[in-house]
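Trainee: The structure is given below, and queries will be raised subsequently.
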Amino acid sequence: MTERDVYRLPRERLGALVARLERDYRVLGPAPRGDTYAWEELRPGDPVSLDYPTTMLPLRALLAPQREVLFTFRRGDDGEVAFDPPADERPLALLGVHGCDLTGLRVLRAFHDSGTRDRLVTNRLDRAFIVGLACWVPCLGEAFCRDMGSLDNEIPADLYAWDIGDVLLVKVLTNRGRDVLTEVTPMEAATAEEVVTLRRRLRVRLEAFPQHLKFAPERLPIALEAAEGDLLWDANADRCLSCGRCNLVCPTCTCFDVTDASPLDGRTGVRVRTWTGCQVTGFSRVAGGHDFRPGRAQQLRYRIFRKGKYMPERYGMVGCTGCGRCPHHCPTRISIREIFRQVGGTA
Amino acid sequence: MVQNRMIPEPCRIYEAMQQTPREVHFVVEAPKREPFRPEPGQFVMISIPGIGEAPISLAALPGEGAAEGTFEMLIRRAGRLTNLITRLKPGDTMYVRGPFGRRVTWEKFEGSNLILIAGGLGLAPLRPFVQRSLLHRELFRRIDILVGARAPEEILFKEDLASWSARRDDVRVLVSVDAARSTWSGRIGVITTLFDEIDADVEDAYAFICGPPVMYRHCLRKLLGMGLYENHLWMTLERRMKCGIGLCGNCQMNGLYVCQEGPLFSYREVRHLKEAV
């Protein structure tokens with residue numbers, strides 16, 4: 001790595017960073033919730049802890065929420081209906097985004113930028129201020145972020161931080177990032193000793209994150225295509241409960257259902273989209289009852305193919321970040337990493 | 001600010017004609033927010049705010065089968081939304097987004113024989129194909145229209161079938177039902193039994209198929225066996241859809257979004273896809 005544009009942010013200045021961001025953004029950071037972590041709002045003065053393993057829900061929960069109002073409507077006395085798009089929101093500032101979740105945002109961006117899209121998600125992505133954070137130790141045992149190129153991914157962060165102890169070394173990646181950092185620190189370059197420390201820790205980190213796949217992710221589309229008729233899908237699907245948890249915790253799942261909600265008077269209401277997923281029974285069922293993707297093996301194959309084949313072919317990015325959430329939260333431990341490992345072989 | 005593509009547009013219902021106990025034929029004002037110039041095979045999203053939204057095939061296009069500034073649909077009562085929509089009357093409003101789907105232009109079909117095949121409700125999406133080919137009759141050679149229904153009382157667009165049949169010099173209409181009482185004097189048998197009566201030169205024929213999911217494999221197999229080219233076999237594929245703009249994912253078929261790349265596909269385009277037909 002080069003240490004150009006890397007500056008010192010003493011830990012005690014984190015509060016100042018939050019206070020600065022709070023002026024323009026709704027600031028969120030990781031916070032413990034139950035036995036996992038979740039993104040929660042930070043207020044000026046709140047303690048800022050950037051030491052967390054991973055959140056259960058991916059960041060898309062903030063950028064493409066589980067329940068999102070598409071519009072509200074009002075039916076007038078003449079019966080005519082007026083529609084209102086959702087109100088403007090405060091832009092988000094996300095403090096301490098790990099590499100896998102940064103990759104998740106990149107994929108979300110690639111997906112929403114393609115074709116004729118609505119702008120709800122891209123607007124949030126455009127306006128969000130993102131502070132990336134390097135990981136030093138693996139979080140979930142099922143993670144394989146290094147294999148998927150997420151471990152050292154810094155895009156689309158505005159600022160990217162390495163926590164090396166008393167001080168964070170912060171790399172400036174965008175003009176917006178530079179403006180904010182300039183306001184909270186005197187922009188002191190990292191010292192030689194700090195740079196050496198950083199380099200040592202990055203070297204040691206590679207041992208903490210072993211590689212699991214013996215091939216590059218670019219080979220996934222070909223490897224999967226060759227395995228389309230594989231019994232592997234049945235073997236894994238035998239354990240699948242169709243609960244859809246893998247869809248919910250995935251940073252790159254994007255599918256939704258659309259429903260209307262209205263009080264009994266029917267005069268006002270909302271049309272909302274809510275997350276759904278390809279592993280949920282009925283996802284591909286049409287009026288009349290025909291299901292175009294019946295059977296768990298086909299559904300599982302579809303999910304893995306979308307991540308490893310369809311998304312790279314369509315959007316130019318592999319749809320798996322290697323975050324390890326789907327196997328970790330799967331009640332029967334179906335593992336996308338193991339499936340990739342098996343279909344990819346040793347080449 | 002880009003238009004929120006999920007917000008529908010109010011469109012007045014001009015006519016609502018009960019065709020069978022289950023199906024209502026609507027003539028509706030075309031959306032005006034953007035130019036509404038659909039191609040055969042495209043669809044719209046229809047909704048009632050507070051109830052929901054569903055994809056519906058266009059059954060006639062403005063300025064072709066439908067009057068300029070209007071379009072037509074045949075809506076079957078199949079769920080909560082369509083139960084309510086099929087009760088709407090002329091003067092009522094329905095809410096429309098679209099048209100959606102791939103625009104397949106017709107230059108490549110000109111000069112050829114057309115074989116137009118519909119099963120059941122599939123006659124609704126097929127109707128714009130028939131109407132366009134009859135509107136420009138001189139551009140095509142033989143035209144065969146093959147229609148299947150489960151029973152005589154389920155045959156749709158009977159007036160259309162009669163008027164198309166009346167052009168017996170330049171169009172042939174064959175109708176078959178799967179089963180019927182003895183009062184039915186027409187053909188009995190699944191739709192593929194009609195294919196034996198096609199005598200158009202298959203080298204030069206395009207076929208268009210619209211029907212229930214079960215129909216496609218049988219039709220494709222028979223047409224391929226007759227010698228049609230794979231890229232001359234066109235079909236509209238139905239899928240669950242919640243947005244029409246390639247986002248909701250419900251309609252994905254392998255790597256394709258049916259609402260974007262379809263719903264009209266040639267067999268050659270999808271023959272390698274395990275999730276197609």
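Each chain in the structure tokens gets a letter, A, B, ..., in the order shown, and its residues are numbered from 1; ligands are numbered from 1 in order too.
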Which residues are near Pro10 in chain B? Cut-off 9 Å, only C-alpha atoms, ignore same chain within fewer than 3 positions. Put them as a CSV table (one decimal) with N, CA and C atoms, in the first residue's frame.
Mentor:
```
chain,number,residue,atom,x,y,z
A,80,GLU,N,-61.0,11.0,-6.6
A,80,GLU,CA,-59.7,11.0,-7.3
A,80,GLU,C,-58.6,10.8,-6.2
A,81,VAL,N,-57.6,10.1,-6.7
A,81,VAL,CA,-56.5,9.8,-5.7
A,81,VAL,C,-55.3,10.6,-6.0
B,29,GLU,N,-58.6,4.5,-20.9
B,29,GLU,CA,-57.8,5.6,-21.3
B,29,GLU,C,-56.3,5.3,-21.2
B,31,PRO,N,-52.4,6.0,-20.4
B,31,PRO,CA,-51.6,6.9,-19.6
B,31,PRO,C,-51.1,8.1,-20.5
B,93,THR,N,-62.2,4.7,-12.3
B,93,THR,CA,-60.7,4.9,-12.6
B,93,THR,C,-59.9,3.7,-12.2
B,94,MET,N,-59.0,3.3,-13.0
B,94,MET,CA,-58.0,2.4,-12.5
B,94,MET,C,-56.6,3.0,-12.7
B,95,TYR,N,-55.6,2.5,-12.0
B,95,TYR,CA,-54.3,3.2,-11.9
B,95,TYR,C,-53.3,2.3,-12.6
B,96,VAL,N,-52.6,3.0,-13.5
B,96,VAL,CA,-51.8,2.3,-14.5
B,96,VAL,C,-50.3,2.8,-14.5
```
Trainee: I need the contact residues of chain B against chain A, so if you could list those with any atom within 10 Å, counting only C-alpha atoms, and return them as number ranges by chain, that would help.
Mentor: B: 1-10, 47-54, 76-79, 92-93, 95, 212-214, 238-256, 260, 274-277
Trainee: Which residues are near Val167 in chain A? Cut-off 6 Å, only C-alpha atoms, ignore same chain within fewer than 2 positions. Put them as a list in words.
Mentor: Leu9, Pro10, Arg11 and Gly165 of chain A
Trainee: Run DSSP on the backbone and grab whatever in range 51-296 of chain A lands in helix (DSSP H, G or I); send it over as an MDAnalysis selection string.
Mentor: chainID A and resid 60:63 99:113 120:127 175:184 192:208 217:226 232:237 245:249 296
Trainee: Excluding range 117-125 of chain B and any residue of its chain fewer than 3 positions from it, enumerate the residues within 8 Å of it, using only C-alpha atoms, and give them as a PyMOL selection string.
Mentor: chain B and resi 40-41+57-59+73-74+128-129+145-150+154-157+191+207-212+215
Trainee: So which one's closest to Ile222 in chain A, A:Pro312, A:Val27, A:Arg124, A:Met56? Using only C-alpha atoms, please.
Mentor: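 Selected residue with least distance to Ile222 in chain A: A:Pro312.
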Trainee: Any idea what's packed within 8 Å of range 35-38 of chain A, counting only C-alpha atoms, ignoring anything in its chain fewer than 6 positions away? Could you give it as a list in words?
Mentor: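 Here the answer would be Tyr52, Pro53, Thr54, Thr55, Met56 and Leu57 of chain A.
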Trainee: Generate the output file for the selected residues, C-alpha atoms, as an mmCIF file, in the first residue's frame.
Mentor:
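Resulting contents of selection35.cif:
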```cif
data_model
loop_
_atom_site.group_PDB
_atom_site.id
_atom_site.type_symbol
_atom_site.label_atom_id
_atom_site.label_comp_id
_atom_site.auth_asym_id
_atom_site.auth_seq_id
_atom_site.Cartn_x
_atom_site.Cartn_y
_atom_site.Cartn_z
ATOM 1 C CA TYR A 52 -17.213 -4.828 16.719
ATOM 2 C CA PRO A 53 -17.300 -8.206 14.979
ATOM 3 C CA THR A 54 -20.102 -7.720 12.441
ATOM 4 C CA THR A 55 -23.759 -6.815 12.415
ATOM 5 C CA MET A 56 -26.461 -9.400 11.808
ATOM 6 C CA LEU A 57 -28.263 -7.284 9.217
#
```
Trainee: Skipping near chain neighbours, those fewer than 6 positions away, what residues fall within 7 Å of Phe100 in chain B using only C-alpha atoms, listed as a list in words?
Mentor: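 The filter keeps Gln42, Phe43, Val44, Gly244 and Cys259 of chain B.
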Trainee: With a distance cut-off of 10 Å and only C-alpha atoms, select the neighbouring residues of Arg106 in chain A, excluding the residue or stretch itself and same-chain residues fewer than 5 positions from it, and output the selection as a list of chain:residue names.
Mentor: A:Cys100, A:Asp101, A:Phe111, A:His112, A:Leu125, A:Asn153, A:Ile155, A:Pro156, A:Ala157, A:Thr252, A:Met317, A:Gly319, A:Thr321
Trainee: Those same residues, written as a short mmCIF file (atom, residue, chain, number, x, y, z; two decimals), in the first residue's frame with N, CA and C atoms?
Mentor:
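Listing of result_27.cif after writing:
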```cif
data_model
loop_
_atom_site.label_atom_id
_atom_site.label_comp_id
_atom_site.auth_asym_id
_atom_site.auth_seq_id
_atom_site.Cartn_x
_atom_site.Cartn_y
_atom_site.Cartn_z
N CYS A 100 -16.38 -6.00 3.92
CA CYS A 100 -17.44 -6.79 3.30
C CYS A 100 -18.67 -5.92 3.05
N ASP A 101 -18.97 -5.05 4.02
CA ASP A 101 -20.15 -4.22 3.84
C ASP A 101 -19.91 -3.09 2.83
N PHE A 111 -26.05 -2.70 -9.01
CA PHE A 111 -27.39 -3.20 -9.31
C PHE A 111 -28.34 -2.04 -9.60
N HIS A 112 -28.34 -1.04 -8.73
CA HIS A 112 -29.33 0.04 -8.88
C HIS A 112 -28.97 1.01 -9.99
N LEU A 125 -27.49 6.28 -1.56
CA LEU A 125 -26.07 5.95 -1.75
C LEU A 125 -25.27 7.19 -2.13
N ASN A 153 -11.02 -4.04 0.61
CA ASN A 153 -11.77 -3.12 -0.25
C ASN A 153 -12.07 -1.82 0.50
N ILE A 155 -13.63 0.90 -1.34
CA ILE A 155 -14.65 1.61 -2.12
C ILE A 155 -16.03 1.19 -1.64
N PRO A 156 -16.99 2.03 -1.43
CA PRO A 156 -17.08 3.45 -1.80
C PRO A 156 -16.90 4.40 -0.60
N ALA A 157 -15.94 4.13 0.28
CA ALA A 157 -15.78 4.98 1.46
C ALA A 157 -15.28 6.38 1.09
N THR A 252 -26.29 -8.34 -0.51
CA THR A 252 -26.56 -8.06 -1.93
C THR A 252 -27.89 -8.61 -2.41
N MET A 317 -20.06 -7.31 -11.12
CA MET A 317 -19.52 -7.56 -9.78
C MET A 317 -20.09 -8.85 -9.23
N GLY A 319 -21.73 -11.17 -6.73
CA GLY A 319 -22.75 -10.78 -5.75
C GLY A 319 -22.53 -11.32 -4.36
N THR A 321 -20.05 -11.12 -1.03
CA THR A 321 -18.97 -10.32 -0.44
C THR A 321 -18.08 -11.16 0.46
#
```
Trainee: Would you return as a list in words the members of range 240-302 of chain A that DSSP assigns to strand (DSSP E or B) on this structure's backbone?
Mentor: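 Answer for range 240-302 of chain A restricted to strand (DSSP E or B) is Phe256, Asp257, Val258, Thr259, Asp260, Ala261, Thr268, Gly269, Val270, Arg271, Val272, Arg273, Thr274, Trp275, Arg285 and Asp291 of chain A.
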Trainee: Just write the chosen residues, N, CA, C and O atoms, as a compact mmCIF listing (two decimals), in the first residue's frame.
Mentor:
```
# COMPACT_ATOMS: atom_id res chain seq x y z
N PHE A 256 -37.88 -7.73 -3.48
CA PHE A 256 -38.91 -7.22 -2.58
C PHE A 256 -40.29 -7.59 -3.08
O PHE A 256 -40.50 -7.92 -4.24
N ASP A 257 -41.23 -7.52 -2.14
CA ASP A 257 -42.64 -7.67 -2.43
C ASP A 257 -43.25 -6.27 -2.33
O ASP A 257 -42.67 -5.39 -1.68
N VAL A 258 -44.37 -6.06 -2.99
CA VAL A 258 -45.04 -4.76 -2.90
C VAL A 258 -46.45 -4.98 -2.39
O VAL A 258 -47.18 -5.82 -2.91
N THR A 259 -46.81 -4.26 -1.36
CA THR A 259 -48.16 -4.38 -0.81
C THR A 259 -48.69 -3.00 -0.47
O THR A 259 -47.93 -2.05 -0.28
N ASP A 260 -50.01 -2.90 -0.39
CA ASP A 260 -50.65 -1.66 0.02
C ASP A 260 -51.13 -1.80 1.45
O ASP A 260 -51.54 -2.88 1.87
N ALA A 261 -51.05 -0.73 2.19
CA ALA A 261 -51.59 -0.71 3.55
C ALA A 261 -52.47 0.51 3.67
O ALA A 261 -52.09 1.60 3.25
N THR A 268 -56.87 6.95 2.75
CA THR A 268 -55.45 7.24 2.73
C THR A 268 -54.71 5.91 2.80
O THR A 268 -55.31 4.89 3.13
N GLY A 269 -53.46 5.95 2.52
CA GLY A 269 -52.70 4.71 2.64
C GLY A 269 -51.32 4.85 2.05
O GLY A 269 -50.91 5.93 1.62
N VAL A 270 -50.62 3.74 2.05
CA VAL A 270 -49.26 3.71 1.52
C VAL A 270 -49.09 2.47 0.67
O VAL A 270 -49.76 1.45 0.88
N ARG A 271 -48.24 2.58 -0.32
CA ARG A 271 -47.74 1.38 -1.01
C ARG A 271 -46.31 1.19 -0.52
O ARG A 271 -45.52 2.13 -0.57
N VAL A 272 -46.02 0.00 -0.03
CA VAL A 272 -44.70 -0.24 0.55
C VAL A 272 -44.04 -1.42 -0.13
O VAL A 272 -44.72 -2.32 -0.64
N ARG A 273 -42.72 -1.39 -0.14
CA ARG A 273 -42.02 -2.61 -0.54
C ARG A 273 -41.35 -3.18 0.70
O ARG A 273 -40.84 -2.44 1.54
N THR A 274 -41.37 -4.49 0.77
CA THR A 274 -40.75 -5.18 1.91
C THR A 274 -39.87 -6.29 1.35
O THR A 274 -40.18 -6.88 0.31
N TRP A 275 -38.80 -6.57 2.07
CA TRP A 275 -37.87 -7.60 1.63
C TRP A 275 -38.58 -8.94 1.50
O TRP A 275 -39.40 -9.31 2.32
N ARG A 285 -44.37 -17.91 -7.62
CA ARG A 285 -45.68 -18.46 -7.96
C ARG A 285 -46.56 -17.39 -8.59
O ARG A 285 -46.60 -16.27 -8.12
N ASP A 291 -45.79 -22.62 -10.00
CA ASP A 291 -44.53 -22.13 -9.44
C ASP A 291 -43.42 -22.41 -10.44
O ASP A 291 -43.18 -23.55 -10.80
```
Trainee: Provide the CA of Glu194 in chain A to CA of Pro44 in chain A distance in Å, to one decimal place.
Mentor: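 That distance, rounded to one decimal, is 28.3 Å.
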Trainee: With only C-alpha atoms as the atoms that count, which of A:Gly289, A:Pro221, A:Pro331, A:Gly295 lies nearest to Arg239 in chain A?
Mentor: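 Comparing A:Gly289, A:Pro221, A:Pro331, A:Gly295 against Arg239 in chain A, the winner is A:Pro331.
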Trainee: Choose the residue, out of B:Lys32, B:His136, B:Arg142, B:Arg80, that has the smallest atom-to-atom separation from Cys11 in chain B; count only C-alpha atoms.
Mentor: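 Comparing B:Lys32, B:His136, B:Arg142, B:Arg80 against Cys11 in chain B, the winner is B:Lys32.
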Trainee: Record the distance separating CA of Leu273 in chain B and CA of Pro217 in chain A, expressed in Å with one decimal.
Mentor: 22.7 Å
